[in-house]
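Asker: Please find one structure pasted underneath; my questions will follow.
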Amino acid sequence: MGFGSYDESEQQEQTVDEDDEGESVNVHEHDHQGEVSIEDADSEELIDQLQTIKENEEEDAEE
């Protein structure tokens, strides 16, 4: 056998288990809503925006 050789019988007998649950990916798990604007904002405004975002996340987690 040379480099890259394989057993052809292994390639022909592949099976796919379509009943696997729990392995799926939720593509909407980390969807985000809203907007953030930081143009011409000072530190105080940015901290206030961050606090508002955190409060909204906590409210969403409680629902």
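Just so we're on the same page: first chain in the structure tokens is A, next is B, and so on; residues restart at 1 for each chain, and ligands are numbered from 1 in the order they show up.
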Hey, what's within 12 Å of region 54-57 of chain A if we count only C-alpha atoms and toss same-chain stuff fewer than 6 positions away? As a list in words, please?
Answerer: His30, Asp31, His32, Gln33, Gly34, Ile47, Asp48 and Glu63 of chain A
Asker: Using N, CA and C atoms, can you export the residues from the last selection as a PDB file, in the first residue's frame?
Answerer:
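Heads up, here's the output in part-v1.pdb:
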```pdb
ATOM      1  N   HIS A  30     -27.824  32.902  20.084  1.00  0.00           N
ATOM      2  CA  HIS A  30     -27.161  34.139  20.461  1.00  0.00           C
ATOM      3  C   HIS A  30     -27.579  35.317  19.592  1.00  0.00           C
ATOM      4  N   ASP A  31     -28.854  35.308  19.137  1.00  0.00           N
ATOM      5  CA  ASP A  31     -29.352  36.446  18.369  1.00  0.00           C
ATOM      6  C   ASP A  31     -29.428  37.663  19.277  1.00  0.00           C
ATOM      7  N   HIS A  32     -29.130  38.809  18.735  1.00  0.00           N
ATOM      8  CA  HIS A  32     -29.144  40.041  19.514  1.00  0.00           C
ATOM      9  C   HIS A  32     -30.068  41.047  18.856  1.00  0.00           C
ATOM     10  N   GLN A  33     -30.742  41.834  19.696  1.00  0.00           N
ATOM     11  CA  GLN A  33     -31.642  42.860  19.193  1.00  0.00           C
ATOM     12  C   GLN A  33     -31.199  44.205  19.732  1.00  0.00           C
ATOM     13  N   GLY A  34     -31.519  45.258  19.007  1.00  0.00           N
ATOM     14  CA  GLY A  34     -31.185  46.594  19.472  1.00  0.00           C
ATOM     15  C   GLY A  34     -30.020  47.166  18.706  1.00  0.00           C
ATOM     16  N   ILE A  47     -20.644  53.842  29.964  1.00  0.00           N
ATOM     17  CA  ILE A  47     -20.930  53.040  31.165  1.00  0.00           C
ATOM     18  C   ILE A  47     -22.430  52.926  31.370  1.00  0.00           C
ATOM     19  N   ASP A  48     -23.153  54.022  31.153  1.00  0.00           N
ATOM     20  CA  ASP A  48     -24.610  53.986  31.274  1.00  0.00           C
ATOM     21  C   ASP A  48     -25.223  53.032  30.252  1.00  0.00           C
ATOM     22  N   GLU A  63     -37.264  35.752  31.782  1.00  0.00           N
ATOM     23  CA  GLU A  63     -38.479  35.395  31.044  1.00  0.00           C
ATOM     24  C   GLU A  63     -38.498  33.979  30.615  1.00  0.00           C
TER      25      GLU A  63
END
```
Asker: State, in Å with one decimal place, the distance from CA of Glu59 (chain A) to CA of Val25 (chain A).
Answerer: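 Separating CA of Glu59 (chain A) from CA of Val25 (chain A) is a distance of 24.5 Å.
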Asker: May I ask for the distance between CA of Glu62 (chain A) and CA of Val36 (chain A), given in Å to one decimal place?
Answerer: 22.6 Å
Asker: Grab the CA of Ile53 (chain A) to CA of Asp40 (chain A) distance for me, in Å with one decimal place.
Answerer: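 Those two atoms sit 18.9 Å apart.
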